[in-house]
>>> print(open('model-v4.txt').read())   # compact mmCIF, C-alpha atoms and all ligand atoms
# COMPACT_ATOMS: atom_id res chain seq x y z
CA MET A 1 -121.50 72.81 -131.16
CA ALA A 2 -120.00 70.80 -128.30
CA PRO A 3 -116.21 70.32 -128.35
CA ARG A 4 -115.15 66.92 -129.64
CA THR A 5 -112.47 66.33 -127.02
CA GLN A 6 -113.54 63.74 -124.50
CA ILE A 7 -111.64 62.11 -121.69
CA PHE A 8 -111.88 58.35 -121.18
CA GLU A 9 -109.71 57.69 -118.16
CA ASP A 10 -111.87 54.87 -116.89
CA ARG A 11 -112.12 51.38 -118.25
CA PRO A 12 -114.15 50.86 -121.40
CA SER A 13 -117.72 49.66 -121.11
CA ASP A 14 -118.30 46.00 -120.31
CA GLU A 15 -119.71 45.67 -123.82
CA ALA A 16 -116.51 47.02 -125.42
CA ILE A 17 -114.31 44.73 -123.33
CA ALA A 18 -116.46 41.69 -124.04
CA GLY A 19 -116.44 42.56 -127.75
CA PHE A 20 -112.65 42.88 -127.77
CA ARG A 21 -112.10 39.60 -125.92
CA ALA A 22 -114.57 37.65 -128.06
CA GLY A 23 -113.48 39.31 -131.31
CA MET A 24 -109.80 38.57 -130.73
CA ALA A 25 -110.36 34.97 -129.57
CA PRO A 26 -110.38 33.21 -132.99
CA PHE A 27 -106.84 34.30 -133.95
CA TRP A 28 -103.38 32.97 -133.21
CA HIS A 29 -101.73 34.96 -130.44
CA PRO A 30 -98.07 34.76 -129.37
CA VAL A 31 -97.86 34.00 -125.67
CA MET A 32 -94.27 33.00 -124.94
CA GLU A 33 -90.84 32.41 -126.43
CA SER A 34 -90.55 28.73 -127.41
CA ALA A 35 -87.12 28.44 -125.80
CA ALA A 36 -88.49 29.68 -122.47
CA LEU A 37 -90.86 26.73 -122.05
CA THR A 38 -88.85 23.88 -120.63
CA GLU A 39 -90.12 20.81 -118.78
CA ALA A 40 -91.81 22.88 -116.10
CA PRO A 41 -95.35 24.08 -116.83
CA SER A 42 -95.60 27.82 -117.29
CA PRO A 43 -98.43 30.30 -116.63
CA VAL A 44 -99.40 32.78 -119.35
CA GLU A 45 -102.23 35.22 -119.79
CA LEU A 46 -104.33 35.79 -122.89
CA LEU A 47 -107.39 38.01 -123.26
CA GLY A 48 -107.96 38.11 -119.55
CA ARG A 49 -107.69 34.35 -119.09
CA ARG A 50 -105.07 32.56 -117.03
CA LEU A 51 -103.64 29.68 -119.06
CA VAL A 52 -100.97 27.06 -118.45
CA LEU A 53 -98.52 25.81 -121.08
CA ALA A 54 -96.94 22.38 -120.71
CA ARG A 55 -94.51 20.68 -123.05
CA PHE A 56 -94.92 16.92 -123.34
CA ASP A 57 -95.38 14.24 -126.00
CA GLY A 58 -93.27 16.42 -128.30
CA ALA A 59 -95.80 19.25 -128.36
CA VAL A 60 -97.02 22.25 -126.40
CA HIS A 61 -100.36 21.82 -124.65
CA VAL A 62 -102.54 24.63 -123.33
CA PHE A 63 -105.20 24.46 -120.63
CA PRO A 64 -106.94 26.89 -118.29
CA ASP A 65 -104.59 27.43 -115.37
CA THR A 66 -107.25 26.25 -112.97
CA CYS A 67 -107.84 22.74 -111.69
CA ALA A 68 -111.36 21.30 -111.98
CA HIS A 69 -111.22 20.11 -108.35
CA PHE A 70 -110.69 23.12 -106.08
CA GLN A 71 -109.27 25.53 -108.67
CA ALA A 72 -105.60 25.43 -107.67
CA GLN A 73 -103.16 26.76 -110.25
CA LEU A 74 -102.03 23.91 -112.50
CA SER A 75 -98.87 25.78 -113.51
CA LEU A 76 -97.61 25.09 -109.97
CA GLY A 77 -97.76 21.37 -110.78
CA LYS A 78 -95.61 19.16 -112.96
CA VAL A 79 -95.70 16.70 -115.84
CA VAL A 80 -96.00 13.07 -114.70
CA VAL A 81 -96.77 9.73 -116.35
CA VAL A 82 -100.19 8.16 -115.83
CA ASP A 83 -100.88 4.75 -117.36
CA GLY A 84 -97.86 5.17 -119.62
CA LYS A 85 -98.87 8.59 -120.91
CA PRO A 86 -97.67 12.04 -119.88
CA ALA A 87 -100.12 14.25 -118.03
CA LEU A 88 -100.15 17.55 -116.16
CA GLN A 89 -100.52 16.95 -112.43
CA CYS A 90 -102.17 19.46 -110.10
CA PRO A 91 -99.97 20.32 -107.10
CA TYR A 92 -102.83 20.25 -104.58
CA HIS A 93 -104.34 16.75 -104.59
CA GLY A 94 -102.60 15.11 -107.55
CA TRP A 95 -105.35 15.08 -110.17
CA ALA A 96 -103.72 14.70 -113.59
CA PHE A 97 -104.86 15.82 -117.06
CA GLY A 98 -103.82 14.36 -120.42
CA ALA A 99 -103.06 16.12 -123.69
CA ASP A 100 -106.75 16.39 -124.58
CA GLY A 101 -107.65 17.82 -121.15
CA ARG A 102 -109.31 14.63 -119.98
CA CYS A 103 -108.77 13.86 -116.33
CA ALA A 104 -106.55 10.78 -116.30
CA ARG A 105 -106.24 10.27 -112.56
CA ILE A 106 -107.99 11.17 -109.31
CA PRO A 107 -105.93 9.56 -106.55
CA GLN A 108 -108.76 9.91 -104.00
CA LEU A 109 -111.34 8.07 -106.13
CA PRO A 110 -112.50 4.78 -104.56
CA GLU A 111 -111.34 1.79 -106.54
CA GLY A 112 -113.66 0.83 -109.38
CA ARG A 113 -115.38 4.20 -109.63
CA ALA A 114 -115.08 5.95 -113.02
CA ILE A 115 -113.57 9.41 -113.34
CA PRO A 116 -116.50 11.83 -113.89
CA ALA A 117 -116.57 13.76 -117.18
CA ALA A 118 -116.94 16.98 -115.18
CA ALA A 119 -113.35 16.51 -114.02
CA ASP A 120 -112.06 17.19 -117.55
CA ILE A 121 -110.67 20.59 -118.50
CA PRO A 122 -110.65 22.28 -121.93
CA ALA A 123 -107.57 21.96 -124.12
CA PHE A 124 -106.79 24.86 -126.45
CA ARG A 125 -104.80 24.82 -129.68
CA ALA A 126 -101.09 25.69 -129.68
CA ARG A 127 -98.35 25.82 -132.28
CA GLU A 128 -94.78 27.02 -132.56
CA ALA A 129 -93.50 29.40 -135.24
CA TYR A 130 -90.91 32.16 -135.50
CA GLY A 131 -89.47 31.04 -132.16
CA LEU A 132 -92.73 31.69 -130.35
CA ILE A 133 -95.60 29.68 -128.91
CA TRP A 134 -98.95 30.74 -130.36
CA VAL A 135 -102.36 29.95 -128.89
CA CYS A 136 -105.85 30.13 -130.38
CA LEU A 137 -108.76 30.07 -127.96
CA GLU A 138 -111.24 28.74 -130.50
CA ALA A 139 -111.39 25.49 -132.45
CA GLU A 140 -110.68 27.21 -135.78
CA ALA A 141 -108.49 30.24 -136.34
CA THR A 142 -109.90 32.86 -138.71
CA PHE A 143 -106.50 33.38 -140.37
CA ASP A 144 -103.26 31.46 -140.54
CA LEU A 145 -100.05 33.13 -139.31
CA PRO A 146 -98.77 35.77 -141.72
CA PRO A 147 -95.57 35.00 -143.65
CA PHE A 148 -92.21 36.25 -142.41
CA PRO A 149 -89.87 35.45 -145.31
CA GLU A 150 -86.76 37.04 -143.80
CA TYR A 151 -87.00 34.76 -140.75
CA ASP A 152 -85.64 31.71 -142.60
CA ASP A 153 -83.50 33.66 -145.04
CA ASP A 154 -79.81 33.36 -144.19
CA THR A 155 -78.96 36.50 -146.11
CA PHE A 156 -80.64 38.39 -143.25
CA ARG A 157 -79.20 38.85 -139.80
CA LYS A 158 -81.96 38.50 -137.19
CA VAL A 159 -81.98 39.94 -133.71
CA ARG A 160 -84.80 39.19 -131.31
CA LEU A 161 -85.39 40.92 -128.01
CA ALA A 162 -84.23 38.71 -125.17
CA GLU A 163 -87.41 39.48 -123.24
CA PRO A 164 -90.81 40.56 -124.50
CA GLU A 165 -91.88 44.08 -123.53
CA ASP A 166 -95.23 45.01 -122.04
CA THR A 167 -97.13 48.18 -122.79
CA ALA A 168 -100.12 49.57 -120.95
CA THR A 169 -102.33 49.74 -124.00
CA SER A 170 -104.52 47.51 -126.12
CA SER A 171 -102.97 45.26 -128.75
CA THR A 172 -104.88 47.05 -131.51
CA ARG A 173 -103.56 50.45 -130.43
CA MET A 174 -100.04 48.97 -130.35
CA ILE A 175 -100.37 47.76 -133.95
CA MET A 176 -101.93 51.05 -135.00
CA GLY A 177 -99.07 52.99 -133.40
CA THR A 178 -96.55 50.90 -135.32
CA LEU A 179 -98.47 51.32 -138.58
CA ASP A 180 -98.78 55.10 -138.17
CA ASP A 181 -96.13 56.99 -140.15
CA THR A 182 -97.30 60.60 -139.84
CA HIS A 183 -95.95 60.75 -136.29
CA PHE A 184 -92.34 60.18 -137.45
CA PRO A 185 -91.33 63.88 -137.63
CA TRP A 186 -92.94 64.61 -134.25
CA VAL A 187 -91.89 61.67 -132.12
CA HIS A 188 -88.73 60.52 -133.92
CA GLU A 189 -87.32 63.72 -135.35
CA GLY A 190 -83.78 63.30 -136.68
CA ILE A 191 -84.14 59.50 -136.79
CA LEU A 192 -87.21 58.81 -138.90
CA GLY A 193 -88.53 62.25 -139.75
CA ASP A 194 -88.07 65.99 -140.03
CA GLN A 195 -90.54 68.56 -138.66
CA ASP A 196 -89.77 70.87 -141.57
CA HIS A 197 -91.35 68.21 -143.78
CA PRO A 198 -94.38 66.82 -141.96
CA GLU A 199 -96.39 66.20 -145.14
CA PRO A 200 -97.75 62.64 -145.22
CA PRO A 201 -96.55 60.40 -148.03
CA ASP A 202 -98.86 59.07 -150.74
CA HIS A 203 -100.09 55.77 -149.34
CA GLU A 204 -101.26 52.80 -151.32
CA VAL A 205 -103.32 50.49 -149.12
CA TRP A 206 -104.90 47.19 -150.02
CA ARG A 207 -105.92 43.82 -148.61
CA GLU A 208 -104.03 40.69 -149.54
CA GLY A 209 -105.42 37.49 -148.04
CA SER A 210 -105.24 37.93 -144.27
CA GLN A 211 -102.99 40.97 -144.51
CA LEU A 212 -103.47 44.69 -144.86
CA VAL A 213 -100.64 46.01 -147.01
CA LEU A 214 -99.42 49.58 -147.06
CA ARG A 215 -96.81 50.97 -149.45
CA TYR A 216 -95.26 54.43 -149.69
CA GLU A 217 -92.06 56.27 -150.41
CA ALA A 218 -90.40 58.46 -147.84
CA GLU A 219 -87.31 60.55 -147.47
CA GLN A 220 -85.72 60.17 -144.06
CA PRO A 221 -82.47 61.03 -142.30
CA ALA A 222 -79.71 58.64 -143.31
CA GLY A 223 -78.74 56.26 -140.56
CA LEU A 224 -78.79 52.82 -139.03
CA PHE A 225 -82.36 51.90 -139.96
CA ASN A 226 -82.18 53.40 -143.42
CA GLY A 227 -79.55 51.31 -145.13
CA GLY A 228 -76.59 52.18 -142.94
CA ALA A 229 -74.56 55.11 -141.77
CA GLY A 230 -74.27 58.38 -143.66
CA ASN A 231 -75.25 62.01 -143.68
CA GLY A 232 -78.14 63.84 -145.26
CA SER A 233 -81.27 62.00 -146.24
CA VAL A 234 -82.14 58.85 -148.07
CA LYS A 235 -85.12 57.73 -150.15
CA LEU A 236 -86.92 54.67 -148.83
CA LEU A 237 -89.70 52.40 -149.92
CA TYR A 238 -91.84 51.21 -147.03
CA THR A 239 -94.04 48.13 -147.35
CA ASP A 240 -95.95 47.36 -144.17
CA TYR A 241 -97.85 44.12 -143.75
CA VAL A 242 -100.41 43.82 -140.97
CA GLY A 243 -101.26 40.19 -140.27
CA MET A 244 -104.77 40.78 -139.02
CA PRO A 245 -105.26 41.69 -136.29
CA ASN A 246 -102.13 41.45 -134.17
CA VAL A 247 -98.87 41.09 -136.15
CA ILE A 248 -97.03 43.71 -138.19
CA ARG A 249 -93.99 43.47 -140.45
CA LEU A 250 -92.45 46.74 -141.59
CA VAL A 251 -90.13 46.35 -144.57
CA LYS A 252 -87.88 49.30 -145.35
CA ASP A 253 -85.96 49.16 -148.63
CA SER A 254 -83.22 51.67 -149.32
CA PRO A 255 -80.22 51.74 -151.65
CA GLY A 256 -78.18 50.35 -148.73
CA GLY A 257 -80.36 47.29 -148.12
CA ARG A 258 -83.46 46.08 -146.32
CA TYR A 259 -84.36 46.61 -142.68
CA VAL A 260 -87.34 44.73 -141.25
CA ILE A 261 -89.20 45.36 -138.02
CA TRP A 262 -91.47 42.49 -136.98
CA LEU A 263 -93.84 42.80 -134.05
CA ALA A 264 -96.26 40.18 -132.74
CA THR A 265 -98.54 41.42 -129.99
CA CYS A 266 -100.20 39.36 -127.31
CA PRO A 267 -103.37 40.91 -125.86
CA LEU A 268 -102.91 40.01 -122.21
CA ASP A 269 -106.16 41.90 -121.83
CA TRP A 270 -107.87 45.05 -123.09
CA ASN A 271 -105.37 47.35 -121.41
CA ARG A 272 -102.11 45.35 -121.39
CA THR A 273 -100.12 44.06 -124.35
CA ARG A 274 -97.02 41.87 -124.49
CA ASN A 275 -94.81 42.64 -127.48
CA PHE A 276 -92.46 40.18 -129.17
CA TRP A 277 -90.01 41.96 -131.49
CA ILE A 278 -87.66 40.58 -134.14
CA PHE A 279 -85.45 42.76 -136.35
CA ALA A 280 -83.81 41.66 -139.60
CA ARG A 281 -81.27 43.39 -141.83
CA ASN A 282 -79.21 42.44 -144.89
CA TYR A 283 -76.50 45.08 -144.52
CA ASP A 284 -74.03 45.96 -141.77
CA MET A 285 -74.19 42.25 -140.87
CA ALA A 286 -71.36 41.92 -138.33
CA PRO A 287 -72.71 40.36 -135.12
CA GLU A 288 -70.88 42.94 -133.01
CA ARG A 289 -73.06 45.59 -134.63
CA ASP A 290 -76.21 44.04 -133.14
CA ALA A 291 -75.96 45.97 -129.89
CA THR A 292 -75.87 49.31 -131.73
CA PHE A 293 -79.01 48.42 -133.66
CA THR A 294 -80.72 47.08 -130.54
CA GLU A 295 -79.97 50.19 -128.52
CA MET A 296 -81.24 52.52 -131.22
CA ALA A 297 -84.40 50.43 -131.69
CA ALA A 298 -85.01 50.56 -127.92
CA HIS A 299 -84.60 54.34 -128.02
CA VAL A 300 -87.26 54.60 -130.76
CA ARG A 301 -89.64 52.31 -128.84
CA MET A 302 -89.19 54.37 -125.68
CA GLN A 303 -90.13 57.49 -127.67
CA ASP A 304 -93.36 55.79 -128.76
CA LYS A 305 -94.30 54.17 -125.45
CA PRO A 306 -95.56 57.18 -123.44
CA ILE A 307 -97.58 58.41 -126.41
CA ILE A 308 -99.27 55.08 -127.11
CA GLU A 309 -99.91 54.47 -123.42
CA SER A 310 -101.54 57.89 -123.13
CA GLN A 311 -104.29 57.20 -125.68
CA ARG A 312 -107.86 56.96 -124.46
CA PRO A 313 -110.21 55.26 -124.68
CA TRP A 314 -108.06 52.21 -124.09
CA LEU A 315 -109.78 50.30 -126.87
CA LEU A 316 -110.20 51.78 -130.34
CA PRO A 317 -113.63 53.40 -130.54
CA PRO A 318 -115.89 52.42 -133.45
CA PHE A 319 -116.13 54.94 -136.29
CA TRP A 320 -119.82 55.52 -135.61
CA SER A 321 -118.93 56.97 -132.20
CA LYS A 322 -117.10 59.85 -133.93
CA VAL A 323 -114.60 59.96 -131.06
CA GLU A 324 -111.66 60.06 -133.47
CA LEU A 325 -111.02 62.56 -136.22
CA PRO A 326 -108.82 60.81 -138.80
CA ILE A 327 -107.60 63.06 -141.62
CA ARG A 328 -107.50 61.76 -145.18
CA PRO A 329 -105.31 60.99 -147.02
CA GLY A 330 -102.57 60.90 -144.34
CA ASP A 331 -104.46 58.61 -141.96
CA LEU A 332 -105.75 56.29 -144.68
CA PRO A 333 -103.76 53.23 -143.48
CA LEU A 334 -105.10 53.61 -139.94
CA ILE A 335 -108.64 54.05 -141.24
CA GLN A 336 -108.34 50.86 -143.28
CA TYR A 337 -106.91 48.89 -140.33
CA GLN A 338 -109.68 50.05 -138.05
CA LYS A 339 -112.32 49.35 -140.66
CA TRP A 340 -111.15 45.75 -140.93
CA LEU A 341 -111.12 45.40 -137.15
CA GLU A 342 -114.74 46.47 -137.13
CA GLU A 343 -115.59 43.94 -139.83
CA LEU A 344 -113.91 41.22 -137.75
CA GLY A 345 -116.06 42.15 -134.76
CA ILE A 346 -113.10 43.29 -132.64
CA VAL A 347 -114.15 46.94 -132.32
CA THR A 348 -117.78 47.03 -131.28
CA ALA A 349 -118.45 49.67 -128.62
CA ILE A 350 -116.86 52.45 -126.53
FE1 LIG A 401 -106.32 20.29 -108.11
FE2 LIG A 401 -107.39 19.43 -105.86
S1 LIG A 401 -107.29 21.46 -106.60
S2 LIG A 401 -106.33 18.32 -107.36
>>> encode(input="model-v4.txt", output="structure tokens")
Amino acid sequence: MAPRTQIFEDRPSDEAIAGFRAGMAPFWHPVMESAALTEAPSPVELLGRRLVLARFDGAVHVFPDTCAHFQAQLSLGKVVVVDGKPALQCPYHGWAFGADGRCARIPQLPEGRAIPAAADIPAFRAREAYGLIWVCLEAEATFDLPPFPEYDDDTFRKVRLAEPEDTATSSTRMIMGTLDDTHFPWVHEGILGDQDHPEPPDHEVWREGSQLVLRYEAEQPAGLFNGGAGNGSVKLLYTDYVGMPNVIRLVKDSPGGRYVIWLATCPLDWNRTRNFWIFARNYDMAPERDATFTEMAAHVRMQDKPIIESQRPWLLPPFWSKVELPIRPGDLPLIQYQKWLEELGIVTAI
């Protein structure tokens, strides 16, 4: 029998990439911190497309970052007023586009001639939530944004990373890596696990609306992320919520309190992911303690990064390909996540 190990250093097939881009399109994706978008238009990338964000008329507007005229980058332009309404003006020849993407002005057009419909550009949907700008590339999003109850709860202290972090992996592998708990003793020994006790916990996994929910008990070293300082070990209840397909909220309850890790991933493309992290805790609340938590969380992320970036193929392979060898019951949560991705048409080919 041929060995199962295969190497996939190259890019996935065109079919797999196209499936990933099309499958991920009808969801809300975080593209930028809300506070970072000021009056100046800003370029962002989503699923291999260059987009421009512009804030005017009290809302965020999203267009392709390419002018209909000679394809200059609209994010190099500025917001102007045309016939009393704000519009995004191209820096090259001054064409301007309104909130709906309709071309509102072509300065070179002879007087009396109508602006051709072909000069219009598409306008995508945008919204703001949890301090982020979210974009959906299709007219209707498959799911609404998942809840994040601690975000507006003043009994929790929230810390968000000042800058998003990029990883050289796919968004789905990033979520899967955050959902995976059987790696704790191996990658995070002494912080989240113990190699003398690598047995997987008993997982309960179910679907709840747009979320995959995972619950299990674990015993981990006492410490910052497990209810506060201390020695020995502590019993925890984990409840992980995956907002399909790209957001995860890990809730850790211990006798000392609740610690929440929230991650929203932006698929820049099939091999690059931008990660927006927010952490919440209801113990050890002094603001001056934030740096200690932030540094430890960064340490844990840096332990994960080389592992997640090493995984090939870049995109999760479909189950039928038999590339992976998940082991039940330990890998049950990952199996259920991947199964749902396949049902959503996000994982289609190798
Ligand atoms: Fe935009 Fe000419 S390229 S106006």
>>> residues_near_ligand(input="model-v4.txt", ligand="ligand LIG 401 (chain A)", cutoff="9 Å", atoms="all atoms listed in the file", output="VMD selection string")
chain A and resid 66 to 74 89 to 96 106 to 107
>>> residues_around(input="model-v4.txt", residues="range 22-35 of chain A", least_positions_apart="6", cutoff="7 Å", atoms="only C-alpha atoms", output="PyMOL selection string")
chain A and resi 44+128+131-138+140-143+145+264-266+344-346
>>> atom_distance(input="model-v4.txt", atom1="CA of Glu199 in chain A", atom2="CA of Leu334 in chain A")
16.2 Å
>>> atom_distance(input="model-v4.txt", atom1="CA of Trp206 in chain A", atom2="CA of Ala222 in chain A")
28.5 Å
>>> closest_residue(input="model-v4.txt", among="A:Arg281, A:Arg11, A:His61, A:Arg272", to="Thr167 in chain A", atoms="all atoms listed in the file")
A:Arg272
>>> residues_near_point(input="model-v4.txt", point="(-102.2, 49.2, -152.9)", cutoff="12 Å", atoms="only C-alpha atoms", output="PyMOL selection string")
chain A and resi 202-208+211-216+239-241+332-333+336
>>> write_last_selection(input="model-v4.txt", atoms="C-alpha atoms", output="short mmCIF file (atom, residue, chain, number, x, y, z; two decimals), in the frame of the given file")
data_model
loop_
_atom_site.label_atom_id
_atom_site.label_comp_id
_atom_site.auth_asym_id
_atom_site.auth_seq_id
_atom_site.Cartn_x
_atom_site.Cartn_y
_atom_site.Cartn_z
CA ASP A 202 -98.86 59.07 -150.74
CA HIS A 203 -100.09 55.77 -149.34
CA GLU A 204 -101.26 52.80 -151.32
CA VAL A 205 -103.32 50.49 -149.12
CA TRP A 206 -104.90 47.19 -150.02
CA ARG A 207 -105.92 43.82 -148.61
CA GLU A 208 -104.03 40.69 -149.54
CA GLN A 211 -102.99 40.97 -144.51
CA LEU A 212 -103.47 44.69 -144.86
CA VAL A 213 -100.64 46.01 -147.01
CA LEU A 214 -99.42 49.58 -147.06
CA ARG A 215 -96.81 50.97 -149.45
CA TYR A 216 -95.26 54.43 -149.69
CA THR A 239 -94.04 48.13 -147.35
CA ASP A 240 -95.95 47.36 -144.17
CA TYR A 241 -97.85 44.12 -143.75
CA LEU A 332 -105.75 56.29 -144.68
CA PRO A 333 -103.76 53.23 -143.48
CA GLN A 336 -108.34 50.86 -143.28
#
>>> closest_residue(input="model-v4.txt", among="A:Val300, A:Ala168, A:Ala123, A:Val80", to="Leu51 in chain A", atoms="only C-alpha atoms")
A:Ala123
>>> closest_residue(input="model-v4.txt", among="A:Ile191, A:Ser170, A:Pro64, A:Ala104", to="Asp83 in chain A", atoms="all atoms listed in the file")
A:Ala104
>>> closest_residue(input="model-v4.txt", among="A:Leu325, A:Leu316, A:Val251, A:Val260", to="Thr169 in chain A", atoms="only C-alpha atoms")
A:Leu316
>>> closest_residue(input="model-v4.txt", among="A:Ala99, A:Ala218, A:Ala87, A:Val247", to="Pro185 in chain A", atoms="only C-alpha atoms")
A:Ala218
>>> build_atoms(input="model-v4.txt", residues="range 154-173 of chain A", atoms="N, CA and C atoms", output="JSON list (two decimals), in the frame of the given file")
[["chain", "number", "residue", "atom", "x", "y", "z"],
["A", 154, "ASP", "N", -81.13, 33.18, -144.80],
["A", 154, "ASP", "CA", -79.81, 33.36, -144.19],
["A", 154, "ASP", "C", -79.09, 34.61, -144.67],
["A", 155, "THR", "N", -79.61, 35.26, -145.69],
["A", 155, "THR", "CA", -78.96, 36.50, -146.11],
["A", 155, "THR", "C", -79.35, 37.66, -145.19],
["A", 156, "PHE", "N", -80.24, 37.37, -144.23],
["A", 156, "PHE", "CA", -80.64, 38.39, -143.25],
["A", 156, "PHE", "C", -80.08, 38.02, -141.88],
["A", 157, "ARG", "N", -79.61, 39.05, -141.20],
["A", 157, "ARG", "CA", -79.20, 38.85, -139.80],
["A", 157, "ARG", "C", -80.40, 39.21, -138.92],
["A", 158, "LYS", "N", -80.79, 38.28, -138.06],
["A", 158, "LYS", "CA", -81.96, 38.50, -137.19],
["A", 158, "LYS", "C", -81.53, 38.76, -135.75],
["A", 159, "VAL", "N", -82.21, 39.67, -135.13],
["A", 159, "VAL", "CA", -81.98, 39.94, -133.71],
["A", 159, "VAL", "C", -83.34, 39.96, -133.04],
["A", 160, "ARG", "N", -83.53, 39.16, -132.02],
["A", 160, "ARG", "CA", -84.80, 39.19, -131.31],
["A", 160, "ARG", "C", -84.56, 39.73, -129.91],
["A", 161, "LEU", "N", -85.54, 40.42, -129.38],
["A", 161, "LEU", "CA", -85.39, 40.92, -128.01],
["A", 161, "LEU", "C", -85.32, 39.74, -127.06],
["A", 162, "ALA", "N", -84.40, 39.82, -126.11],
["A", 162, "ALA", "CA", -84.23, 38.71, -125.17],
["A", 162, "ALA", "C", -85.50, 38.49, -124.36],
["A", 163, "GLU", "N", -86.18, 39.56, -124.03],
["A", 163, "GLU", "CA", -87.41, 39.48, -123.24],
["A", 163, "GLU", "C", -88.51, 40.25, -123.96],
["A", 164, "PRO", "N", -89.74, 39.75, -123.94],
["A", 164, "PRO", "CA", -90.81, 40.56, -124.50],
["A", 164, "PRO", "C", -91.02, 41.81, -123.65],
["A", 165, "GLU", "N", -91.63, 42.82, -124.26],
["A", 165, "GLU", "CA", -91.88, 44.08, -123.53],
["A", 165, "GLU", "C", -93.39, 44.29, -123.40],
["A", 166, "ASP", "N", -93.80, 44.76, -122.26],
["A", 166, "ASP", "CA", -95.23, 45.01, -122.04],
["A", 166, "ASP", "C", -95.52, 46.50, -122.19],
["A", 167, "THR", "N", -96.69, 46.80, -122.76],
["A", 167, "THR", "CA", -97.13, 48.18, -122.79],
["A", 167, "THR", "C", -98.53, 48.24, -122.19],
["A", 168, "ALA", "N", -98.80, 49.38, -121.55],
["A", 168, "ALA", "CA", -100.12, 49.57, -120.95],
["A", 168, "ALA", "C", -101.04, 50.17, -122.00],
["A", 169, "THR", "N", -101.41, 49.34, -122.94],
["A", 169, "THR", "CA", -102.33, 49.74, -124.00],
["A", 169, "THR", "C", -102.98, 48.49, -124.56],
["A", 170, "SER", "N", -103.92, 48.69, -125.48],
["A", 170, "SER", "CA", -104.52, 47.51, -126.12],
["A", 170, "SER", "C", -103.64, 47.07, -127.30],
["A", 171, "SER", "N", -103.76, 45.81, -127.65],
["A", 171, "SER", "CA", -102.97, 45.26, -128.75],
["A", 171, "SER", "C", -103.26, 46.01, -130.05],
["A", 172, "THR", "N", -104.51, 46.37, -130.27],
["A", 172, "THR", "CA", -104.88, 47.05, -131.51],
["A", 172, "THR", "C", -104.27, 48.46, -131.56],
["A", 173, "ARG", "N", -104.21, 49.12, -130.43],
["A", 173, "ARG", "CA", -103.56, 50.45, -130.43],
["A", 173, "ARG", "C", -102.05, 50.29, -130.65]]
